[in-house]
Structures are given as structure tokens and as C-alpha cells.
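**Student:** Before I ask anything, here is the structure I am working with.
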Amino acid sequence: MKNFFDLSGERIFITGAGGAIGGATARVMSELGAEIIITDLKAPTALAEELGKGARAIALDNASRKDVEAVFADVGPLDAMVDCSGYYVKGDWIDGGDDWEALLQRTIDVNVKGPVNLVRACLPAMKQRKSGRIVLTGSMAARNAGSTLAVEPAYAASKGGLHALVRYFARQVADQGIVVNGIAPGAILTPLLISANQPFATETYPMKRLGQPPEIAWPIAFLCSRGTSFMTGAVIDVNGGVAFS
Ligand SMILES: NC(=O)c1ccc[n+]([C@@H]2O[C@H](COP(=O)([O-])OP(=O)(O)OC[C@H]3O[C@@H](n4cnc5c(N)ncnc54)[C@H](O)[C@@H]3O)[C@@H](O)[C@H]2O)c1
């Protein structure tokens, strides 16, 4: 019997792979046997070389529909598509200056329009093959909007939208062999979090610590496995018990 968590022979596309969680995800799934295609704003070529086994690196801005469609037309059939990209820049809608509007726009472009571009572009080939797994990265911020950390409002709103999209897309393709799930990480020690430059009261957290990128990569690998055949529209919390949905 096939090990349902083995990814040997699977072709998996990971975007945001130049980042901490995306990079860890590429490493974990490569170790599980997958052939990896990785993208980011700058092609993550060093990571592709490290992974070997035919891994391919591509430069792609997910906010550009035209570029996303061109890349998917070029990469060929995929078993799974994972979006680990994300945009988080601190802004203040209430007391801040006028730049909040541009910040909101870019946040929505990357965190909402980007995933829509990606899902729309990868679906036709998956529908044709009647098989596919899609994973989008949301956030605990969408659930609690800052009760455990000082969350940026555009970011929280964008991730709330993304959680809704997971459920929407899941229902649209549920009868076509394609599952769509999401992951909602808590505070994970990555450049995105460090750039936010805020203190964390980790002594009040159930596990007394922040998460590490591989601790998000492992659940994503599960969501890309055949073990998810009856699981779709779920956004799973991976936050060390800080919040429950
Ligand atoms: N680190 C955390 O605490 C945390 C918590 C919850 C959710 N998340 C989410 O996890 C995901 C990964 O974040 P991370 O912590 O690894 O951050 P990261 O900054 O290390 O990685 C994010 C990557 O996204 C890429 N990116 C940004 N805009 C892009 C675009 N338009 N097109 C393509 N790529 C783009 C960046 O270049 C970067 O490499 C994001 O969706 C983030 O919102 C992170």
C-alpha cells in the first residue's frame, strides 16, 4: 500500500520560497521526495541548487496576473500548489499619515490578489487531471486581529479575506478531485516577524516560545499529501496553543 504521506514523484510549486516558511516548506517536501518548483520576487536559485533533484527557481510577482499565468503555462502539470508569500508592513489607519492607503493596496495585492491569481492559474490543469492540492498561508492575525501581538490592520484584513477564499475555492472544485486548504500560523520566528520589531510576551504563551519555520512546513507537507482526500476548506491553526478558532 502506498504511504499516503510520501511525496515521491509529486510535482509541487511553492511560492514565497525565498522566505523562511516557504524555504523550509521546500526543504521538507524535497526530503519527502517531491520535485520542487520554487518562486519568489527574486528567483530563489541558491535554494534550488541546495535542493537539487531537478528543482527549478523562477522570479515571479504573484500580484501580476499576467506573469502568474505565463509561469503556470510554462511549468506543466502540478500535483500541488502552495503559496507561502506574504506582505507585512506596519501602518496606522487611525493616527498615521496618508501612506496607509498605499500600504492597504499593496497588502491586498500581495495577500489577496496574489493567491487569487495563483489559484485561478493552476486550476485548469488540475481540473483536466481531476487531481490537485492547493495550500494558502493565512494567519492567526485573521482570527484574533491582535490580541496576542500588535497586528497591522491591513494585514489582518487581508488574511481574513484569504481564509474566506480558501473556503470559496474549496467548494468550487470539491467535486473535481481538487482540495484547497489553508494554514493559519501563529508567531513564527522569521524575517517577516522580526521586521515588525515588536516584543513578544512568550512567557504567557502555552509553549513559552515562538514557532520555527519547519513547524509550519511539516503541516503544509501534510496538506500536500494524499492524506487530505476528504479534507477541504479547512484553515488549520498552528500556533502552539496561543489561540483556538
Ligand atoms: N512569520 C510569522 O509569524 C507569520 C505568522 C502568520 C502568517 N505568516 C505568513 O506566512 C507566510 C510566510 O511568511 P514568512 O514568515 O516566511 O515571511 P518571509 O518574509 O520570510 O517570506 C515571505 C516571502 O514572500 C515574498 N513575497 C512578498 N511579496 C511577494 C509577491 N508579490 N510575489 C511573490 N513573493 C512575494 C517575499 O519576497 C518573501 O520571500 C506569509 O504568508 C505570512 O503572512 C507568517
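Going by the C-alpha cells order, chains are called A, B, ..., each with residues numbered from 1, while ligands are numbered from 1 in the order shown.
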Which chains and residue numbers are within 8 Å of ligand 1, counting only C-alpha atoms and all ligand atoms, if I want them as a ChimeraX atom specification?

**Tutor:** /A:15-23,39-42,60-64,83-88,109-111,114,136-141,155,159,184-193,211,213

**Student:** Give me the stretch 37-118 of chain A side of the contact with stretch 221-230 of chain A, cut-off 12 Å, one line per residue showing its nearest atom pair and distance in Å at one decimal, counting only C-alpha atoms, sorted by chain and residue number, as CSV.

**Tutor:**
```
residue,atom,partner,partner_atom,distance
A:Leu78,CA,A:Cys224,CA,11.2
A:Asp79,CA,A:Cys224,CA,8.2
A:Ala80,CA,A:Cys224,CA,6.1
A:Met81,CA,A:Cys224,CA,8.1
A:Val82,CA,A:Cys224,CA,8.1
A:Asp83,CA,A:Cys224,CA,11.7
```

**Student:** For the strand (DSSP E or B) assignment from backbone DSSP, which residues of stretch 34-139 of chain A qualify? Please present them as a ChimeraX atom specification.

**Tutor:** /A:35-40,56-59,80-83,132-137

**Student:** Would you kindly return, as a list of chain:residue names, each protein, DNA or RNA residue with an atom no farther than 10 Å from any atom of A:Asn144, considering only C-alpha atoms and excluding same-chain residues fewer than 5 positions away?

**Tutor:**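 Using only C-alpha atoms, the neighbours found are A:Ser139, A:Leu149, A:Val151, A:Ala156, A:Gly160, A:Ala243, A:Phe244, A:Ser245.
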
**Student:** Find the residues around A:Ala217 up to 6 Å (only C-alpha atoms counted), leave out those fewer than 3 positions away in its own chain, and share them as a ChimeraX atom specification.

**Tutor:** /A:24-25,214,220

**Student:** Those residues with C-alpha atoms, as an mmCIF file, in the first residue's frame please?

**Tutor:**
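This is the output file result-v7.cif:
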```cif
data_model
loop_
_atom_site.group_PDB
_atom_site.id
_atom_site.type_symbol
_atom_site.label_atom_id
_atom_site.label_comp_id
_atom_site.auth_asym_id
_atom_site.auth_seq_id
_atom_site.Cartn_x
_atom_site.Cartn_y
_atom_site.Cartn_z
ATOM 1 C CA ALA A 24 11.506 25.422 4.996
ATOM 2 C CA THR A 25 8.482 24.030 3.149
ATOM 3 C CA PRO A 214 9.831 23.938 9.880
ATOM 4 C CA ILE A 220 1.910 22.170 4.915
#
```

**Student:** Which residue, A:Asp98, A:Leu118, A:Leu104, A:Gly52, has the smallest gap to A:Asp67 when you use only C-alpha atoms?

**Tutor:** A:Leu118

**Student:** Which is closest to A:Arg171 among A:Ala157, A:Val135, A:Ala234, A:Ala145, if we use only C-alpha atoms?

**Tutor:**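 Of all the options, A:Ala234 lies closest to A:Arg171.
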
**Student:** Mind giving me the straight-line distance from atom CA of A:Pro153 to atom CA of A:Ile38 in Å, one decimal?

**Tutor:**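 According to the coordinates, atom CA of A:Pro153 and atom CA of A:Ile38 are separated by 29.1 Å.
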
**Student:** Atom CA of A:Val166 and atom CA of A:Gln198 are how many Å apart?

**Tutor:**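 Pair atom CA of A:Val166 / atom CA of A:Gln198 returns 29.1 Å.
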
**Student:** Quick one: pull the distance between atom CA of A:His163 and atom CA of A:Val238, Å, one decimal.

**Tutor:**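 A separation of 14.2 Å between them.
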
**Student:** Would you mind telling me which residue in A:Ala174, A:Ala102, A:Ala154, A:Ala59 lies nearest to A:Val71 when using only C-alpha atoms?

**Tutor:**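 Between A:Ala174, A:Ala102, A:Ala154, A:Ala59, the residue approaching A:Val71 most closely is A:Ala59.
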
**Student:** Tell me which of A:Ala46, A:Ile183, A:Leu165, A:Val242 sits closest to A:Val112, counting only C-alpha atoms.

**Tutor:** A:Leu165

**Student:** Could you pull out the helix (DSSP H, G or I) residues of stretch 81-160 of chain A from DSSP and send them as JSON, numbers by chain?

**Tutor:** {"A": [100, 101, 102, 103, 104, 105, 106, 107, 108, 109, 110, 111, 112, 113, 114, 115, 116, 117, 118, 119, 120, 121, 122, 123, 124, 125, 126, 127, 128, 129, 141, 142, 143, 144, 153, 154, 155, 156, 157, 158, 159, 160]}
